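Asks: I'm passing along start_13.cif; it holds mmCIF, N, CA and C atoms.
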data_model
loop_
_atom_site.label_atom_id
_atom_site.label_comp_id
_atom_site.auth_asym_id
_atom_site.auth_seq_id
_atom_site.Cartn_x
_atom_site.Cartn_y
_atom_site.Cartn_z
N MET X 1196 -30.65 -23.82 16.93
CA MET X 1196 -29.31 -23.34 16.67
C MET X 1196 -28.85 -22.42 17.79
N LEU X 1197 -29.71 -21.47 18.18
CA LEU X 1197 -29.35 -20.53 19.23
C LEU X 1197 -29.16 -21.25 20.56
N GLU X 1198 -29.99 -22.25 20.81
CA GLU X 1198 -29.85 -22.99 22.06
C GLU X 1198 -28.54 -23.78 22.08
N ALA X 1199 -28.12 -24.31 20.95
CA ALA X 1199 -26.86 -25.05 20.89
C ALA X 1199 -25.69 -24.10 21.19
N LEU X 1200 -25.75 -22.88 20.68
CA LEU X 1200 -24.70 -21.91 20.97
C LEU X 1200 -24.68 -21.55 22.45
N ASN X 1201 -25.87 -21.37 23.02
CA ASN X 1201 -25.95 -21.06 24.45
C ASN X 1201 -25.37 -22.19 25.29
N ASN X 1202 -25.69 -23.44 24.93
CA ASN X 1202 -25.15 -24.59 25.66
C ASN X 1202 -23.62 -24.63 25.56
N THR X 1203 -23.10 -24.36 24.38
CA THR X 1203 -21.65 -24.36 24.19
C THR X 1203 -21.00 -23.27 25.04
N LEU X 1204 -21.62 -22.08 25.05
CA LEU X 1204 -21.09 -20.99 25.87
C LEU X 1204 -21.11 -21.36 27.36
N ARG X 1205 -22.20 -21.99 27.82
CA ARG X 1205 -22.27 -22.40 29.22
C ARG X 1205 -21.19 -23.41 29.56
N LEU X 1206 -20.95 -24.35 28.64
CA LEU X 1206 -19.91 -25.34 28.87
C LEU X 1206 -18.53 -24.68 28.93
N LEU X 1207 -18.28 -23.77 28.00
CA LEU X 1207 -16.98 -23.11 27.96
C LEU X 1207 -16.74 -22.24 29.19
N THR X 1208 -17.76 -21.51 29.61
CA THR X 1208 -17.57 -20.63 30.77
C THR X 1208 -17.47 -21.42 32.06
N GLY X 1209 -17.99 -22.64 32.07
CA GLY X 1209 -17.91 -23.47 33.26
C GLY X 1209 -16.60 -24.20 33.40
N MET X 1210 -15.79 -24.22 32.36
CA MET X 1210 -14.51 -24.92 32.40
C MET X 1210 -13.50 -24.11 33.20
N GLN X 1211 -12.75 -24.77 33.99
CA GLN X 1211 -11.70 -24.15 34.79
C GLN X 1211 -10.35 -24.48 34.16
N PRO X 1212 -9.36 -23.64 34.35
CA PRO X 1212 -8.04 -23.90 33.78
C PRO X 1212 -7.46 -25.23 34.22
N GLN X 1213 -7.79 -25.69 35.42
CA GLN X 1213 -7.23 -26.95 35.88
C GLN X 1213 -7.78 -28.14 35.10
N ASN X 1214 -8.87 -27.96 34.35
CA ASN X 1214 -9.43 -29.04 33.55
C ASN X 1214 -8.65 -29.27 32.26
N PHE X 1215 -7.78 -28.34 31.92
CA PHE X 1215 -7.03 -28.46 30.69
C PHE X 1215 -5.66 -29.07 30.96
N PRO X 1216 -5.17 -29.91 30.07
CA PRO X 1216 -3.83 -30.46 30.26
C PRO X 1216 -2.78 -29.36 30.09
N ALA X 1217 -1.68 -29.52 30.79
CA ALA X 1217 -0.60 -28.53 30.69
C ALA X 1217 -0.02 -28.57 29.28
N ALA X 1218 0.15 -27.42 28.73
CA ALA X 1218 0.69 -27.34 27.37
C ALA X 1218 2.02 -26.60 27.43
N ALA X 1219 2.88 -27.00 26.54
CA ALA X 1219 4.17 -26.32 26.45
C ALA X 1219 3.95 -24.93 25.90
N ALA X 1220 4.84 -24.04 26.24
CA ALA X 1220 4.73 -22.67 25.73
C ALA X 1220 4.85 -22.71 24.21
N PRO X 1221 4.03 -21.93 23.53
CA PRO X 1221 4.09 -21.94 22.07
C PRO X 1221 5.43 -21.38 21.58
N ALA X 1222 5.89 -21.97 20.51
CA ALA X 1222 7.15 -21.52 19.92
C ALA X 1222 6.94 -20.16 19.28
N PRO X 1223 7.91 -19.27 19.40
CA PRO X 1223 7.75 -17.96 18.76
C PRO X 1223 7.73 -18.11 17.24
N LEU X 1224 6.97 -17.25 16.61
CA LEU X 1224 6.88 -17.27 15.15
C LEU X 1224 8.16 -16.70 14.56
N PRO X 1225 8.64 -17.30 13.48
CA PRO X 1225 9.85 -16.77 12.85
C PRO X 1225 9.55 -15.42 12.20
N VAL X 1226 10.51 -14.55 12.24
CA VAL X 1226 10.38 -13.24 11.60
C VAL X 1226 10.90 -13.36 10.19
N ALA X 1227 10.07 -12.96 9.26
CA ALA X 1227 10.46 -13.04 7.85
C ALA X 1227 11.50 -11.97 7.56
N SER X 1228 12.59 -12.37 6.98
CA SER X 1228 13.66 -11.41 6.67
C SER X 1228 13.41 -10.70 5.35
N THR X 1229 12.41 -11.16 4.60
CA THR X 1229 12.13 -10.55 3.30
C THR X 1229 10.93 -9.61 3.38
N THR X 1230 10.58 -9.16 4.58
CA THR X 1230 9.46 -8.26 4.73
C THR X 1230 9.76 -6.96 4.00
N LYS X 1231 8.83 -6.54 3.17
CA LYS X 1231 9.00 -5.32 2.40
C LYS X 1231 8.42 -4.14 3.19
N THR X 1232 9.11 -3.05 3.15
CA THR X 1232 8.59 -1.82 3.71
C THR X 1232 8.31 -0.87 2.57
N LYS X 1233 7.71 0.26 2.90
CA LYS X 1233 7.41 1.24 1.85
C LYS X 1233 8.65 1.62 1.07
N ASN X 1234 9.78 1.76 1.76
CA ASN X 1234 11.00 2.19 1.10
C ASN X 1234 11.57 1.14 0.15
N ASP X 1235 11.16 -0.12 0.32
CA ASP X 1235 11.67 -1.18 -0.54
C ASP X 1235 10.89 -1.29 -1.85
N LEU X 1236 9.74 -0.67 -1.92
CA LEU X 1236 8.93 -0.77 -3.12
C LEU X 1236 9.60 -0.03 -4.27
N LYS X 1237 9.55 -0.64 -5.43
CA LYS X 1237 10.12 -0.02 -6.63
C LYS X 1237 9.01 0.09 -7.68
N PRO X 1238 8.16 1.10 -7.53
CA PRO X 1238 7.06 1.24 -8.48
C PRO X 1238 7.56 1.67 -9.85
N SER X 1239 6.77 1.36 -10.84
CA SER X 1239 7.11 1.80 -12.20
C SER X 1239 6.85 3.30 -12.30
N PRO X 1240 7.71 4.02 -13.00
CA PRO X 1240 7.45 5.44 -13.19
C PRO X 1240 6.27 5.62 -14.14
N PRO X 1241 5.71 6.81 -14.18
CA PRO X 1241 4.58 7.02 -15.09
C PRO X 1241 5.04 6.94 -16.54
N PRO X 1242 4.11 6.71 -17.45
CA PRO X 1242 4.49 6.69 -18.86
C PRO X 1242 4.83 8.11 -19.32
N ASN X 1243 5.60 8.21 -20.38
CA ASN X 1243 5.90 9.52 -20.95
C ASN X 1243 4.59 10.13 -21.44
N PHE X 1244 4.43 11.41 -21.19
CA PHE X 1244 3.20 12.10 -21.56
C PHE X 1244 3.44 12.93 -22.81
N ASP X 1245 2.54 12.77 -23.78
CA ASP X 1245 2.72 13.45 -25.07
C ASP X 1245 1.76 14.62 -25.29
N GLY X 1246 1.00 14.96 -24.27
CA GLY X 1246 0.07 16.08 -24.39
C GLY X 1246 -1.34 15.68 -24.75
N ASP X 1247 -1.59 14.41 -24.99
CA ASP X 1247 -2.94 13.93 -25.32
C ASP X 1247 -3.83 14.09 -24.08
N ARG X 1248 -4.86 14.91 -24.21
CA ARG X 1248 -5.73 15.21 -23.07
C ARG X 1248 -6.44 13.96 -22.53
N GLN X 1249 -6.71 13.01 -23.39
CA GLN X 1249 -7.38 11.79 -22.93
C GLN X 1249 -6.48 10.94 -22.04
N LYS X 1250 -5.18 11.15 -22.13
CA LYS X 1250 -4.23 10.40 -21.30
C LYS X 1250 -3.76 11.21 -20.09
N GLY X 1251 -4.22 12.45 -19.98
CA GLY X 1251 -3.76 13.34 -18.92
C GLY X 1251 -4.09 12.84 -17.52
N ARG X 1252 -5.31 12.42 -17.28
CA ARG X 1252 -5.72 11.95 -15.96
C ARG X 1252 -4.93 10.71 -15.58
N GLY X 1253 -4.71 9.81 -16.52
CA GLY X 1253 -3.92 8.60 -16.25
C GLY X 1253 -2.49 8.94 -15.85
N PHE X 1254 -1.92 9.94 -16.52
CA PHE X 1254 -0.56 10.36 -16.19
C PHE X 1254 -0.50 10.93 -14.77
N ILE X 1255 -1.45 11.78 -14.44
CA ILE X 1255 -1.49 12.37 -13.09
C ILE X 1255 -1.68 11.29 -12.04
N ASN X 1256 -2.58 10.35 -12.29
CA ASN X 1256 -2.80 9.26 -11.33
C ASN X 1256 -1.53 8.43 -11.14
N ALA X 1257 -0.82 8.17 -12.22
CA ALA X 1257 0.42 7.38 -12.11
C ALA X 1257 1.47 8.14 -11.30
N CYS X 1258 1.55 9.45 -11.50
CA CYS X 1258 2.50 10.26 -10.72
C CYS X 1258 2.13 10.25 -9.24
N GLN X 1259 0.85 10.43 -8.95
CA GLN X 1259 0.41 10.46 -7.55
C GLN X 1259 0.65 9.12 -6.86
N ALA X 1260 0.43 8.03 -7.59
CA ALA X 1260 0.69 6.71 -7.00
C ALA X 1260 2.17 6.57 -6.67
N TYR X 1261 3.03 7.03 -7.56
CA TYR X 1261 4.47 6.97 -7.33
C TYR X 1261 4.85 7.80 -6.11
N PHE X 1262 4.27 9.00 -5.99
CA PHE X 1262 4.56 9.86 -4.84
C PHE X 1262 4.18 9.19 -3.53
N ARG X 1263 3.03 8.51 -3.53
CA ARG X 1263 2.56 7.83 -2.30
C ARG X 1263 3.44 6.65 -1.93
N LEU X 1264 3.93 5.95 -2.93
CA LEU X 1264 4.75 4.76 -2.65
C LEU X 1264 6.19 5.10 -2.32
N ARG X 1265 6.66 6.27 -2.71
CA ARG X 1265 8.05 6.69 -2.44
C ARG X 1265 8.09 8.09 -1.82
N PRO X 1266 7.40 8.30 -0.70
CA PRO X 1266 7.34 9.65 -0.13
C PRO X 1266 8.71 10.19 0.29
N ASP X 1267 9.65 9.29 0.59
CA ASP X 1267 10.99 9.71 1.00
C ASP X 1267 11.74 10.43 -0.13
N ASN X 1268 11.33 10.20 -1.38
CA ASN X 1268 12.00 10.83 -2.53
C ASN X 1268 11.47 12.23 -2.85
N PHE X 1269 10.34 12.60 -2.22
CA PHE X 1269 9.67 13.85 -2.59
C PHE X 1269 9.39 14.69 -1.34
N PRO X 1270 10.38 15.47 -0.90
CA PRO X 1270 10.20 16.24 0.33
C PRO X 1270 9.24 17.42 0.20
N ASP X 1271 9.02 17.94 -1.03
CA ASP X 1271 8.10 19.06 -1.18
C ASP X 1271 7.47 19.03 -2.57
N GLU X 1272 6.53 19.94 -2.79
CA GLU X 1272 5.77 19.98 -4.04
C GLU X 1272 6.66 20.32 -5.25
N GLN X 1273 7.64 21.16 -5.05
CA GLN X 1273 8.52 21.54 -6.17
C GLN X 1273 9.28 20.34 -6.72
N VAL X 1274 9.73 19.48 -5.84
CA VAL X 1274 10.44 18.27 -6.28
C VAL X 1274 9.49 17.37 -7.07
N LYS X 1275 8.25 17.26 -6.62
CA LYS X 1275 7.25 16.45 -7.34
C LYS X 1275 7.02 17.01 -8.74
N ILE X 1276 6.88 18.32 -8.83
CA ILE X 1276 6.61 18.95 -10.13
C ILE X 1276 7.79 18.74 -11.08
N ARG X 1277 8.98 18.98 -10.60
CA ARG X 1277 10.16 18.81 -11.45
C ARG X 1277 10.31 17.36 -11.92
N TRP X 1278 10.06 16.43 -11.02
CA TRP X 1278 10.16 15.02 -11.37
C TRP X 1278 9.13 14.67 -12.43
N ALA X 1279 7.88 15.10 -12.23
CA ALA X 1279 6.82 14.79 -13.20
C ALA X 1279 7.11 15.41 -14.55
N MET X 1280 7.70 16.59 -14.56
CA MET X 1280 8.01 17.26 -15.84
C MET X 1280 9.03 16.50 -16.66
N THR X 1281 9.83 15.66 -16.04
CA THR X 1281 10.79 14.88 -16.83
C THR X 1281 10.10 13.84 -17.68
N PHE X 1282 8.83 13.54 -17.41
CA PHE X 1282 8.08 12.56 -18.19
C PHE X 1282 7.17 13.24 -19.21
N ILE X 1283 7.16 14.55 -19.23
CA ILE X 1283 6.36 15.31 -20.21
C ILE X 1283 7.33 15.70 -21.32
N ASN X 1284 7.59 14.73 -22.21
CA ASN X 1284 8.69 14.93 -23.14
C ASN X 1284 8.44 14.42 -24.56
N GLN X 1285 7.19 14.30 -24.93
CA GLN X 1285 6.90 13.81 -26.28
C GLN X 1285 5.77 14.61 -26.90
N GLY X 1286 5.68 14.57 -28.19
CA GLY X 1286 4.55 15.17 -28.92
C GLY X 1286 4.34 16.63 -28.61
N ARG X 1287 3.07 17.02 -28.50
CA ARG X 1287 2.70 18.40 -28.20
C ARG X 1287 3.28 18.87 -26.89
N ALA X 1288 3.35 17.99 -25.91
CA ALA X 1288 3.85 18.37 -24.58
C ALA X 1288 5.31 18.76 -24.62
N GLN X 1289 6.06 18.17 -25.53
CA GLN X 1289 7.50 18.47 -25.64
C GLN X 1289 7.71 19.90 -26.15
N LYS X 1290 6.83 20.32 -27.01
CA LYS X 1290 6.96 21.67 -27.60
C LYS X 1290 6.63 22.69 -26.57
#
Write out the structure in this file as structure tokens.

Replies:
Amino acid sequence: MLEALNNTLRLLTGMQPQNFPAAAAPAPLPVASTTKTKNDLKPSPPPNFDGDRQKGRGFINACQAYFRLRPDNFPDEQVKIRWAMTFINQGRAQK
């Protein structure tokens, strides 16, 4: 197997450009107009949080994911906190 690879490498390195037929220049690849950027993503907001401690980590993770996907909406920590607090609106958390 190794000898076959070595033979192939020797053959390839021994080839000169003049041994290849002239090829037309490759056509440029089309640019997709539907390319999504970070700003185009529309992530789901976190679920409403009711104060259940077992759901607390999931709520925080959902908020952090949203912050990462839409950084342009959150210029500082205070904006993040205020935004997250709008989802803390049920059950014990509402009180």

Asks: Work out how far apart CA of Pro1241 (chain X) and CA of Glu1272 (chain X) are and give it in Å to one decimal.

Replies: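 Here the two named atoms are 17.1 Å from each other.
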
Asks: Calculate how many Å separate atom N of Gly1253 (chain X) from CA of Pro1238 (chain X), rounding to one decimal.

Replies: 16.6 Å

Asks: Taking only N, CA and C atoms into account, name the residue in X:Asp1271, X:Glu1198, X:Asp1245, X:Asp1235 that is nearest to Gln1285 (chain X).

Replies: X:Asp1245

Asks: For CA of Leu1264 (chain X) and CA of Gln1289 (chain X), determine how far apart the two atoms are, in Å to one decimal place.

Replies: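 Here the two named atoms are 26.9 Å from each other.
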
Asks: Got a sec: who's within 12 Å of Lys1250 (chain X), counting only C-alpha atoms, leaving out chain neighbours fewer than 6 positions off, as a list of chain:residue names?

Replies: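 Counting only the stated atoms, we get X:Pro1241, X:Pro1242, X:Asn1243, X:Phe1244, X:Asn1256, X:Ala1257, X:Ile1283, X:Ala1288.
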
Asks: Tell me, as a ChimeraX atom specification, which residues lie within 12 Å of Pro1240 (chain X), counting only C-alpha atoms; anything in the same chain fewer than 6 positions away does not count.

Replies: /X:1254-1262,1264-1265,1278-1279,1281-1282

Asks: Missing atoms in region 1245-1269 of chain X need filling: write out N, CA, C and O atoms for it as a PDB file, in the coordinates of the input.

Replies:
ATOM      1  N   ASP X1245       2.540  12.770 -23.780  1.00  0.00           N
ATOM      2  CA  ASP X1245       2.720  13.450 -25.070  1.00  0.00           C
ATOM      3  C   ASP X1245       1.760  14.620 -25.290  1.00  0.00           C
ATOM      4  O   ASP X1245       1.730  15.193 -26.362  1.00  0.00           O
ATOM      5  N   GLY X1246       1.000  14.960 -24.270  1.00  0.00           N
ATOM      6  CA  GLY X1246       0.070  16.080 -24.390  1.00  0.00           C
ATOM      7  C   GLY X1246      -1.340  15.680 -24.750  1.00  0.00           C
ATOM      8  O   GLY X1246      -2.225  16.544 -24.811  1.00  0.00           O
ATOM      9  N   ASP X1247      -1.590  14.410 -24.990  1.00  0.00           N
ATOM     10  CA  ASP X1247      -2.940  13.930 -25.320  1.00  0.00           C
ATOM     11  C   ASP X1247      -3.830  14.090 -24.080  1.00  0.00           C
ATOM     12  O   ASP X1247      -3.599  13.493 -23.040  1.00  0.00           O
ATOM     13  N   ARG X1248      -4.860  14.910 -24.210  1.00  0.00           N
ATOM     14  CA  ARG X1248      -5.730  15.210 -23.070  1.00  0.00           C
ATOM     15  C   ARG X1248      -6.440  13.960 -22.530  1.00  0.00           C
ATOM     16  O   ARG X1248      -6.746  13.900 -21.356  1.00  0.00           O
ATOM     17  N   GLN X1249      -6.710  13.010 -23.390  1.00  0.00           N
ATOM     18  CA  GLN X1249      -7.380  11.790 -22.930  1.00  0.00           C
ATOM     19  C   GLN X1249      -6.480  10.940 -22.040  1.00  0.00           C
ATOM     20  O   GLN X1249      -6.962  10.130 -21.276  1.00  0.00           O
ATOM     21  N   LYS X1250      -5.180  11.150 -22.130  1.00  0.00           N
ATOM     22  CA  LYS X1250      -4.230  10.400 -21.300  1.00  0.00           C
ATOM     23  C   LYS X1250      -3.760  11.210 -20.090  1.00  0.00           C
ATOM     24  O   LYS X1250      -3.007  10.700 -19.261  1.00  0.00           O
ATOM     25  N   GLY X1251      -4.220  12.450 -19.980  1.00  0.00           N
ATOM     26  CA  GLY X1251      -3.760  13.340 -18.920  1.00  0.00           C
ATOM     27  C   GLY X1251      -4.090  12.840 -17.520  1.00  0.00           C
ATOM     28  O   GLY X1251      -3.223  12.832 -16.638  1.00  0.00           O
ATOM     29  N   ARG X1252      -5.310  12.420 -17.280  1.00  0.00           N
ATOM     30  CA  ARG X1252      -5.720  11.950 -15.960  1.00  0.00           C
ATOM     31  C   ARG X1252      -4.930  10.710 -15.580  1.00  0.00           C
ATOM     32  O   ARG X1252      -4.508  10.552 -14.433  1.00  0.00           O
ATOM     33  N   GLY X1253      -4.710   9.810 -16.520  1.00  0.00           N
ATOM     34  CA  GLY X1253      -3.920   8.600 -16.250  1.00  0.00           C
ATOM     35  C   GLY X1253      -2.490   8.940 -15.850  1.00  0.00           C
ATOM     36  O   GLY X1253      -1.918   8.329 -14.949  1.00  0.00           O
ATOM     37  N   PHE X1254      -1.920   9.940 -16.520  1.00  0.00           N
ATOM     38  CA  PHE X1254      -0.560  10.360 -16.190  1.00  0.00           C
ATOM     39  C   PHE X1254      -0.500  10.930 -14.770  1.00  0.00           C
ATOM     40  O   PHE X1254       0.382  10.586 -13.982  1.00  0.00           O
ATOM     41  N   ILE X1255      -1.450  11.780 -14.440  1.00  0.00           N
ATOM     42  CA  ILE X1255      -1.490  12.370 -13.090  1.00  0.00           C
ATOM     43  C   ILE X1255      -1.680  11.290 -12.040  1.00  0.00           C
ATOM     44  O   ILE X1255      -1.014  11.297 -10.998  1.00  0.00           O
ATOM     45  N   ASN X1256      -2.580  10.350 -12.290  1.00  0.00           N
ATOM     46  CA  ASN X1256      -2.800   9.260 -11.330  1.00  0.00           C
ATOM     47  C   ASN X1256      -1.530   8.430 -11.140  1.00  0.00           C
ATOM     48  O   ASN X1256      -1.209   8.029 -10.016  1.00  0.00           O
ATOM     49  N   ALA X1257      -0.820   8.170 -12.220  1.00  0.00           N
ATOM     50  CA  ALA X1257       0.420   7.380 -12.110  1.00  0.00           C
ATOM     51  C   ALA X1257       1.470   8.140 -11.300  1.00  0.00           C
ATOM     52  O   ALA X1257       2.177   7.547 -10.476  1.00  0.00           O
ATOM     53  N   CYS X1258       1.550   9.450 -11.500  1.00  0.00           N
ATOM     54  CA  CYS X1258       2.500  10.260 -10.720  1.00  0.00           C
ATOM     55  C   CYS X1258       2.130  10.250  -9.240  1.00  0.00           C
ATOM     56  O   CYS X1258       2.987  10.055  -8.374  1.00  0.00           O
ATOM     57  N   GLN X1259       0.850  10.430  -8.950  1.00  0.00           N
ATOM     58  CA  GLN X1259       0.410  10.460  -7.550  1.00  0.00           C
ATOM     59  C   GLN X1259       0.650   9.120  -6.860  1.00  0.00           C
ATOM     60  O   GLN X1259       1.037   9.086  -5.690  1.00  0.00           O
ATOM     61  N   ALA X1260       0.430   8.030  -7.590  1.00  0.00           N
ATOM     62  CA  ALA X1260       0.690   6.710  -7.000  1.00  0.00           C
ATOM     63  C   ALA X1260       2.170   6.570  -6.670  1.00  0.00           C
ATOM     64  O   ALA X1260       2.542   6.060  -5.605  1.00  0.00           O
ATOM     65  N   TYR X1261       3.030   7.030  -7.560  1.00  0.00           N
ATOM     66  CA  TYR X1261       4.470   6.970  -7.330  1.00  0.00           C
ATOM     67  C   TYR X1261       4.850   7.800  -6.110  1.00  0.00           C
ATOM     68  O   TYR X1261       5.624   7.378  -5.268  1.00  0.00           O
ATOM     69  N   PHE X1262       4.270   9.000  -5.990  1.00  0.00           N
ATOM     70  CA  PHE X1262       4.560   9.860  -4.840  1.00  0.00           C
ATOM     71  C   PHE X1262       4.180   9.190  -3.530  1.00  0.00           C
ATOM     72  O   PHE X1262       4.892   9.282  -2.537  1.00  0.00           O
ATOM     73  N   ARG X1263       3.030   8.510  -3.530  1.00  0.00           N
ATOM     74  CA  ARG X1263       2.560   7.830  -2.300  1.00  0.00           C
ATOM     75  C   ARG X1263       3.440   6.650  -1.930  1.00  0.00           C
ATOM     76  O   ARG X1263       3.641   6.374  -0.750  1.00  0.00           O
ATOM     77  N   LEU X1264       3.930   5.950  -2.930  1.00  0.00           N
ATOM     78  CA  LEU X1264       4.750   4.760  -2.650  1.00  0.00           C
ATOM     79  C   LEU X1264       6.190   5.100  -2.320  1.00  0.00           C
ATOM     80  O   LEU X1264       6.890   4.302  -1.704  1.00  0.00           O
ATOM     81  N   ARG X1265       6.660   6.270  -2.710  1.00  0.00           N
ATOM     82  CA  ARG X1265       8.050   6.690  -2.440  1.00  0.00           C
ATOM     83  C   ARG X1265       8.090   8.090  -1.820  1.00  0.00           C
ATOM     84  O   ARG X1265       8.733   8.989  -2.352  1.00  0.00           O
ATOM     85  N   PRO X1266       7.400   8.300  -0.700  1.00  0.00           N
ATOM     86  CA  PRO X1266       7.340   9.650  -0.130  1.00  0.00           C
ATOM     87  C   PRO X1266       8.710  10.190   0.290  1.00  0.00           C
ATOM     88  O   PRO X1266       8.909  11.402   0.311  1.00  0.00           O
ATOM     89  N   ASP X1267       9.650   9.290   0.590  1.00  0.00           N
ATOM     90  CA  ASP X1267      10.990   9.710   1.000  1.00  0.00           C
ATOM     91  C   ASP X1267      11.740  10.430  -0.130  1.00  0.00           C
ATOM     92  O   ASP X1267      12.661  11.191   0.115  1.00  0.00           O
ATOM     93  N   ASN X1268      11.330  10.200  -1.380  1.00  0.00           N
ATOM     94  CA  ASN X1268      12.000  10.830  -2.530  1.00  0.00           C
ATOM     95  C   ASN X1268      11.470  12.230  -2.850  1.00  0.00           C
ATOM     96  O   ASN X1268      12.036  12.913  -3.682  1.00  0.00           O
ATOM     97  N   PHE X1269      10.340  12.600  -2.220  1.00  0.00           N
ATOM     98  CA  PHE X1269       9.670  13.850  -2.590  1.00  0.00           C
ATOM     99  C   PHE X1269       9.390  14.690  -1.340  1.00  0.00           C
ATOM    100  O   PHE X1269       8.278  14.677  -0.813  1.00  0.00           O
TER     101      PHE X1269
END
